[in-house]
file entry06.pdb (PDB, C-alpha atoms and all ligand atoms)
ATOM      1  CA  MET I  40       0.000   0.000   0.000  1.00  0.00           C
ATOM      2  CA  PRO I  41       1.285   3.465  -0.765  1.00  0.00           C
ATOM      3  CA  ALA I  42       2.652   5.787   1.867  1.00  0.00           C
ATOM      4  CA  HIS I  43       0.300   8.455   3.148  1.00  0.00           C
ATOM      5  CA  CYS I  44      -2.646   6.245   2.321  1.00  0.00           C
ATOM      6  CA  CYS I  45      -4.623   6.683   5.488  1.00  0.00           C
ATOM      7  CA  ARG I  46      -6.617   9.188   7.411  1.00  0.00           C
ATOM      8  CA  SER I  47      -7.150   9.175  11.141  1.00  0.00           C
ATOM      9  CA  VAL I  48     -10.538   9.985  12.565  1.00  0.00           C
ATOM     10  CA  ALA I  49      -9.213  10.476  16.086  1.00  0.00           C
ATOM     11  CA  GLY I  50      -9.565  14.235  15.821  1.00  0.00           C
ATOM     12  CA  ALA I  51     -12.863  14.187  13.992  1.00  0.00           C
ATOM     13  CA  ALA I  52     -15.017  14.671  17.097  1.00  0.00           C
ATOM     14  CA  THR I  53     -17.114  17.794  17.304  1.00  0.00           C
ATOM     15  CA  ALA I  54     -15.520  20.826  18.929  1.00  0.00           C
ATOM     16  CA  ARG I  55     -16.129  21.260  22.635  1.00  0.00           C
ATOM     17  CA  ALA I  56     -14.473  23.009  25.529  1.00  0.00           C
ATOM     18  CA  PHE I  57     -11.150  21.419  26.362  1.00  0.00           C
ATOM     19  CA  ASN I  58      -8.091  22.520  28.270  1.00  0.00           C
ATOM     20  CA  TRP I  59      -4.780  21.152  27.087  1.00  0.00           C
ATOM     21  CA  PRO I  60      -2.521  19.831  29.838  1.00  0.00           C
ATOM     22  CA  GLY I  61      -0.024  22.316  31.194  1.00  0.00           C
ATOM     23  CA  GLY I  62      -1.874  25.268  29.681  1.00  0.00           C
ATOM     24  CA  ALA I  63      -0.704  24.376  26.156  1.00  0.00           C
ATOM     25  CA  LYS I  64      -2.595  25.954  23.260  1.00  0.00           C
ATOM     26  CA  ALA I  65      -2.442  22.920  20.994  1.00  0.00           C
ATOM     27  CA  ALA I  66      -0.968  19.474  20.513  1.00  0.00           C
ATOM     28  CA  ILE I  67       0.556  17.481  17.702  1.00  0.00           C
ATOM     29  CA  ASN I  68      -0.386  13.843  17.245  1.00  0.00           C
ATOM     30  CA  LEU I  69       2.460  11.814  15.774  1.00  0.00           C
ATOM     31  CA  THR I  70       0.894   8.871  13.933  1.00  0.00           C
ATOM     32  CA  TYR I  71       2.409   5.979  12.039  1.00  0.00           C
ATOM     33  CA  ASP I  72       0.419   3.642   9.812  1.00  0.00           C
ATOM     34  CA  ASP I  73       0.402  -0.033   9.006  1.00  0.00           C
ATOM     35  CA  ALA I  74       2.778  -1.546  11.609  1.00  0.00           C
ATOM     36  CA  ILE I  75       5.817  -1.622   9.369  1.00  0.00           C
ATOM     37  CA  ASP I  76       9.251  -2.651  10.612  1.00  0.00           C
ATOM     38  CA  SER I  77      10.869   0.772  10.203  1.00  0.00           C
ATOM     39  CA  GLN I  78       8.527   2.136  12.861  1.00  0.00           C
ATOM     40  CA  LEU I  79       9.997  -0.213  15.449  1.00  0.00           C
ATOM     41  CA  ASP I  80      13.527   0.167  14.080  1.00  0.00           C
ATOM     42  CA  HIS I  81      13.638   3.961  13.677  1.00  0.00           C
ATOM     43  CA  ALA I  82      10.538   5.895  14.719  1.00  0.00           C
ATOM     44  CA  LEU I  83      10.028   4.320  18.129  1.00  0.00           C
ATOM     45  CA  PRO I  84      13.657   4.718  19.273  1.00  0.00           C
ATOM     46  CA  ALA I  85      13.624   8.359  18.112  1.00  0.00           C
ATOM     47  CA  LEU I  86      10.364   9.056  19.948  1.00  0.00           C
ATOM     48  CA  ASN I  87      11.719   7.425  23.101  1.00  0.00           C
ATOM     49  CA  LYS I  88      14.993   9.342  22.830  1.00  0.00           C
ATOM     50  CA  TYR I  89      13.128  12.662  22.909  1.00  0.00           C
ATOM     51  CA  GLY I  90      10.444  11.616  25.394  1.00  0.00           C
ATOM     52  CA  LEU I  91       7.650  11.771  22.819  1.00  0.00           C
ATOM     53  CA  LYS I  92       4.708   9.421  22.423  1.00  0.00           C
ATOM     54  CA  GLY I  93       3.288   8.214  19.138  1.00  0.00           C
ATOM     55  CA  THR I  94       0.127   6.605  17.883  1.00  0.00           C
ATOM     56  CA  PHE I  95       0.742   3.512  15.791  1.00  0.00           C
ATOM     57  CA  ASN I  96      -2.169   2.463  13.587  1.00  0.00           C
ATOM     58  CA  LEU I  97      -1.781  -1.293  13.440  1.00  0.00           C
ATOM     59  CA  VAL I  98      -3.102  -3.598  10.728  1.00  0.00           C
ATOM     60  CA  LEU I  99      -3.748  -6.739  12.735  1.00  0.00           C
ATOM     61  CA  SER I 100      -3.054  -9.185   9.904  1.00  0.00           C
ATOM     62  CA  SER I 101       0.348  -7.713   9.104  1.00  0.00           C
ATOM     63  CA  GLN I 102       3.353 -10.009   9.199  1.00  0.00           C
ATOM     64  CA  PRO I 103       5.605  -7.424  10.880  1.00  0.00           C
ATOM     65  CA  LEU I 104       3.095  -7.228  13.736  1.00  0.00           C
ATOM     66  CA  ALA I 105       2.975 -11.023  14.074  1.00  0.00           C
ATOM     67  CA  ARG I 106       6.767 -11.325  13.959  1.00  0.00           C
ATOM     68  CA  ARG I 107       7.448  -8.529  16.420  1.00  0.00           C
ATOM     69  CA  MET I 108       4.492  -8.749  18.799  1.00  0.00           C
ATOM     70  CA  ASP I 109       6.666  -8.433  21.912  1.00  0.00           C
ATOM     71  CA  GLU I 110       8.170  -5.189  20.626  1.00  0.00           C
ATOM     72  CA  TRP I 111       4.721  -3.730  19.932  1.00  0.00           C
ATOM     73  CA  ARG I 112       3.627  -4.798  23.421  1.00  0.00           C
ATOM     74  CA  ARG I 113       6.701  -3.079  24.859  1.00  0.00           C
ATOM     75  CA  ALA I 114       5.870   0.074  22.867  1.00  0.00           C
ATOM     76  CA  ALA I 115       2.449   0.153  24.524  1.00  0.00           C
ATOM     77  CA  GLU I 116       4.059  -0.344  27.929  1.00  0.00           C
ATOM     78  CA  GLN I 117       6.258   2.675  27.152  1.00  0.00           C
ATOM     79  CA  GLY I 118       3.113   4.780  26.707  1.00  0.00           C
ATOM     80  CA  HIS I 119       2.702   4.724  22.938  1.00  0.00           C
ATOM     81  CA  GLU I 120      -0.791   4.183  21.597  1.00  0.00           C
ATOM     82  CA  LEU I 121      -1.674   1.131  19.524  1.00  0.00           C
ATOM     83  CA  ALA I 122      -4.638   2.097  17.357  1.00  0.00           C
ATOM     84  CA  ASN I 123      -7.036   0.013  15.294  1.00  0.00           C
ATOM     85  CA  HIS I 124      -6.292   0.224  11.563  1.00  0.00           C
ATOM     86  CA  THR I 125      -8.503  -2.817  10.787  1.00  0.00           C
ATOM     87  CA  LEU I 126      -7.607  -6.447  10.262  1.00  0.00           C
ATOM     88  CA  PHE I 127      -6.777  -6.295   6.546  1.00  0.00           C
ATOM     89  CA  HIS I 128      -6.410  -2.623   5.523  1.00  0.00           C
ATOM     90  CA  GLN I 129      -9.226  -2.940   3.007  1.00  0.00           C
ATOM     91  CA  CYS I 130      -9.737   0.050   0.726  1.00  0.00           C
ATOM     92  CA  SER I 131     -12.161   0.981  -2.026  1.00  0.00           C
ATOM     93  CA  HIS I 132     -10.922  -0.019  -5.471  1.00  0.00           C
ATOM     94  CA  SER I 133     -13.378   2.406  -7.072  1.00  0.00           C
ATOM     95  CA  ALA I 134     -11.905   5.457  -5.307  1.00  0.00           C
ATOM     96  CA  PRO I 135      -9.704   7.673  -7.484  1.00  0.00           C
ATOM     97  CA  GLY I 136      -6.105   6.477  -7.502  1.00  0.00           C
ATOM     98  CA  HIS I 137      -6.931   3.166  -5.858  1.00  0.00           C
ATOM     99  CA  GLU I 138      -6.251   0.895  -8.815  1.00  0.00           C
ATOM    100  CA  TRP I 139      -3.709  -0.923  -6.630  1.00  0.00           C
ATOM    101  CA  VAL I 140      -6.451  -2.359  -4.356  1.00  0.00           C
ATOM    102  CA  THR I 141      -6.786  -6.079  -5.040  1.00  0.00           C
ATOM    103  CA  ALA I 142     -10.164  -7.781  -5.500  1.00  0.00           C
ATOM    104  CA  ASP I 143      -9.883  -9.723  -2.250  1.00  0.00           C
ATOM    105  CA  ASN I 144      -9.134  -6.526  -0.331  1.00  0.00           C
ATOM    106  CA  ASP I 145     -11.750  -4.332  -2.031  1.00  0.00           C
ATOM    107  CA  LEU I 146     -13.942  -2.441   0.420  1.00  0.00           C
ATOM    108  CA  ASP I 147     -16.499  -1.991  -2.364  1.00  0.00           C
ATOM    109  CA  HIS I 148     -17.463  -5.653  -1.869  1.00  0.00           C
ATOM    110  CA  ILE I 149     -17.369  -5.940   1.921  1.00  0.00           C
ATOM    111  CA  SER I 150     -20.528  -5.078   3.830  1.00  0.00           C
ATOM    112  CA  ALA I 151     -20.499  -2.430   6.531  1.00  0.00           C
ATOM    113  CA  THR I 152     -21.751  -5.093   8.955  1.00  0.00           C
ATOM    114  CA  ALA I 153     -18.862  -7.420   8.138  1.00  0.00           C
ATOM    115  CA  LEU I 154     -16.373  -4.567   8.384  1.00  0.00           C
ATOM    116  CA  ALA I 155     -17.771  -3.529  11.773  1.00  0.00           C
ATOM    117  CA  ALA I 156     -17.356  -7.108  13.011  1.00  0.00           C
ATOM    118  CA  GLN I 157     -13.752  -7.092  11.775  1.00  0.00           C
ATOM    119  CA  ILE I 158     -13.093  -3.812  13.577  1.00  0.00           C
ATOM    120  CA  ARG I 159     -14.522  -5.235  16.821  1.00  0.00           C
ATOM    121  CA  LEU I 160     -12.314  -8.312  16.431  1.00  0.00           C
ATOM    122  CA  ALA I 161      -9.297  -6.075  15.853  1.00  0.00           C
ATOM    123  CA  ASN I 162     -10.140  -4.291  19.119  1.00  0.00           C
ATOM    124  CA  VAL I 163     -10.154  -7.634  20.935  1.00  0.00           C
ATOM    125  CA  MET I 164      -6.780  -8.513  19.424  1.00  0.00           C
ATOM    126  CA  LEU I 165      -5.360  -5.119  20.382  1.00  0.00           C
ATOM    127  CA  HIS I 166      -6.681  -5.593  23.926  1.00  0.00           C
ATOM    128  CA  ALA I 167      -4.737  -8.859  24.073  1.00  0.00           C
ATOM    129  CA  ILE I 168      -1.586  -6.935  23.120  1.00  0.00           C
ATOM    130  CA  ASP I 169      -1.863  -3.855  25.315  1.00  0.00           C
ATOM    131  CA  GLY I 170      -4.704  -4.525  27.777  1.00  0.00           C
ATOM    132  CA  ARG I 171      -6.488  -1.293  26.873  1.00  0.00           C
ATOM    133  CA  SER I 172     -10.219  -1.035  26.266  1.00  0.00           C
ATOM    134  CA  GLU I 173     -10.454   2.404  24.666  1.00  0.00           C
ATOM    135  CA  ARG I 174      -9.130   2.624  21.158  1.00  0.00           C
ATOM    136  CA  THR I 175      -8.436   5.113  18.409  1.00  0.00           C
ATOM    137  CA  PHE I 176      -9.537   3.994  14.961  1.00  0.00           C
ATOM    138  CA  ALA I 177      -7.836   5.103  11.749  1.00  0.00           C
ATOM    139  CA  LEU I 178      -9.586   4.607   8.425  1.00  0.00           C
ATOM    140  CA  PRO I 179      -7.479   2.835   5.800  1.00  0.00           C
ATOM    141  CA  CYS I 180      -7.290   5.100   2.743  1.00  0.00           C
ATOM    142  CA  GLY I 181      -9.823   7.458   4.299  1.00  0.00           C
ATOM    143  CA  ASP I 182     -12.608   5.430   2.716  1.00  0.00           C
ATOM    144  CA  LEU I 183     -15.894   6.086   4.488  1.00  0.00           C
ATOM    145  CA  LEU I 184     -18.090   3.494   2.740  1.00  0.00           C
ATOM    146  CA  ALA I 185     -18.154  -0.313   2.767  1.00  0.00           C
ATOM    147  CA  ALA I 186     -20.103  -1.737  -0.161  1.00  0.00           C
ATOM    148  CA  GLY I 187     -21.588   1.725  -0.588  1.00  0.00           C
ATOM    149  CA  THR I 188     -22.867   1.955   3.002  1.00  0.00           C
ATOM    150  CA  PRO I 189     -21.487   4.352   5.686  1.00  0.00           C
TER     151      PRO I 189
HETATM  152 ZN    ZN I 201      -2.766   2.512   6.380  1.00  0.00          ZN
END
call {"tool": "encode", "arguments": {"input": "entry06.pdb", "output": "structure tokens"}}
result
Amino acid sequence: MPAHCCRSVAGAATARAFNWPGGAKAAINLTYDDAIDSQLDHALPALNKYGLKGTFNLVLSSQPLARRMDEWRRAAEQGHELANHTLFHQCSHSAPGHEWVTADNDLDHISATALAAQIRLANVMLHAIDGRSERTFALPCGDLLAAGTP
């Protein structure tokens, strides 16, 4: 999947009164998509070096996640967020520029009900990794429809 393929919905909530910790006027959310090896090899050590925390949007079926589960668990223990980026990173083939989406990973042919069940399962899997029950969700490719349904 191409870089910069995803859009987080973590900040999509409606505006409401909020005071940033320490009287800050704003915050920056450092996010990393797709659970790729370079995030554990480079991004995580750099974040830790400077005392920063990141949000890592994990695709639960990814091989790097399966191979390096203990390192992802340790990242969560260090205070980094492990977010739900679905089981399979399915995207809409019909969206502009999405010719690379394969038929078996095409969100145009997966029902919203099935996708919701996959997202709930991904939350259970993430809970098994980090023990947390509240979860950020990041849309793969920013696609808002599954089989044409929101
Ligand atoms: Zn992604």
call {"tool": "resolve_selection", "arguments": {"input": "entry06.pdb", "expression": "the PyMOL selection byres (((chain I and resi 169) around 12) and not hetatm)", "output": "PDB file with C-alpha atoms, keeping the file's coordinate frame"}}
result
ATOM      1  CA  MET I 108       4.492  -8.749  18.799  1.00  0.00           C
ATOM      2  CA  ASP I 109       6.666  -8.433  21.912  1.00  0.00           C
ATOM      3  CA  GLU I 110       8.170  -5.189  20.626  1.00  0.00           C
ATOM      4  CA  TRP I 111       4.721  -3.730  19.932  1.00  0.00           C
ATOM      5  CA  ARG I 112       3.627  -4.798  23.421  1.00  0.00           C
ATOM      6  CA  ARG I 113       6.701  -3.079  24.859  1.00  0.00           C
ATOM      7  CA  ALA I 114       5.870   0.074  22.867  1.00  0.00           C
ATOM      8  CA  ALA I 115       2.449   0.153  24.524  1.00  0.00           C
ATOM      9  CA  GLU I 116       4.059  -0.344  27.929  1.00  0.00           C
ATOM     10  CA  GLN I 117       6.258   2.675  27.152  1.00  0.00           C
ATOM     11  CA  GLY I 118       3.113   4.780  26.707  1.00  0.00           C
ATOM     12  CA  HIS I 119       2.702   4.724  22.938  1.00  0.00           C
ATOM     13  CA  GLU I 120      -0.791   4.183  21.597  1.00  0.00           C
ATOM     14  CA  LEU I 121      -1.674   1.131  19.524  1.00  0.00           C
ATOM     15  CA  ALA I 122      -4.638   2.097  17.357  1.00  0.00           C
ATOM     16  CA  ASN I 123      -7.036   0.013  15.294  1.00  0.00           C
ATOM     17  CA  ASN I 162     -10.140  -4.291  19.119  1.00  0.00           C
ATOM     18  CA  VAL I 163     -10.154  -7.634  20.935  1.00  0.00           C
ATOM     19  CA  MET I 164      -6.780  -8.513  19.424  1.00  0.00           C
ATOM     20  CA  LEU I 165      -5.360  -5.119  20.382  1.00  0.00           C
ATOM     21  CA  HIS I 166      -6.681  -5.593  23.926  1.00  0.00           C
ATOM     22  CA  ALA I 167      -4.737  -8.859  24.073  1.00  0.00           C
ATOM     23  CA  ILE I 168      -1.586  -6.935  23.120  1.00  0.00           C
ATOM     24  CA  GLY I 170      -4.704  -4.525  27.777  1.00  0.00           C
ATOM     25  CA  ARG I 171      -6.488  -1.293  26.873  1.00  0.00           C
ATOM     26  CA  SER I 172     -10.219  -1.035  26.266  1.00  0.00           C
ATOM     27  CA  GLU I 173     -10.454   2.404  24.666  1.00  0.00           C
ATOM     28  CA  ARG I 174      -9.130   2.624  21.158  1.00  0.00           C
TER      29      ARG I 174
END
call {"tool": "residues_around", "arguments": {"input": "entry06.pdb", "residues": "Ala153 of chain I", "least_positions_apart": "5", "cutoff": "12 Å", "atoms": "all atoms listed in the file", "output": "JSON, numbers by chain"}}
result
{"I": [125, 126, 129, 146, 148, 158, 159, 160, 185, 186, 188]}
call {"tool": "residues_around", "arguments": {"input": "entry06.pdb", "residues": "Val98 of chain I", "least_positions_apart": "4", "cutoff": "10 Å", "atoms": "only C-alpha atoms", "output": "NGL selection string"}}
result
:I and (72-75 or 102-104 or 122-129 or 161 or 177 or 179)
call {"tool": "atom_distance", "arguments": {"input": "entry06.pdb", "atom1": "atom CA of Thr152 of chain I", "atom2": "atom CA of His132 of chain I"}}
result
18.7 Å
call {"tool": "closest_residue", "arguments": {"input": "entry06.pdb", "among": "I:Leu178, I:Ser101, I:Gly136, I:Ile149", "to": "ligand ZN 201 (chain I)", "atoms": "only C-alpha atoms and all ligand atoms"}}
result
I:Leu178
call {"tool": "resolve_selection", "arguments": {"input": "entry06.pdb", "expression": "the PyMOL selection byres (((chain I and resi 82) around 12) and not hetatm)", "output": "ChimeraX atom specification"}}
result
/I:69-72,74-81,83-89,91-95,114,119
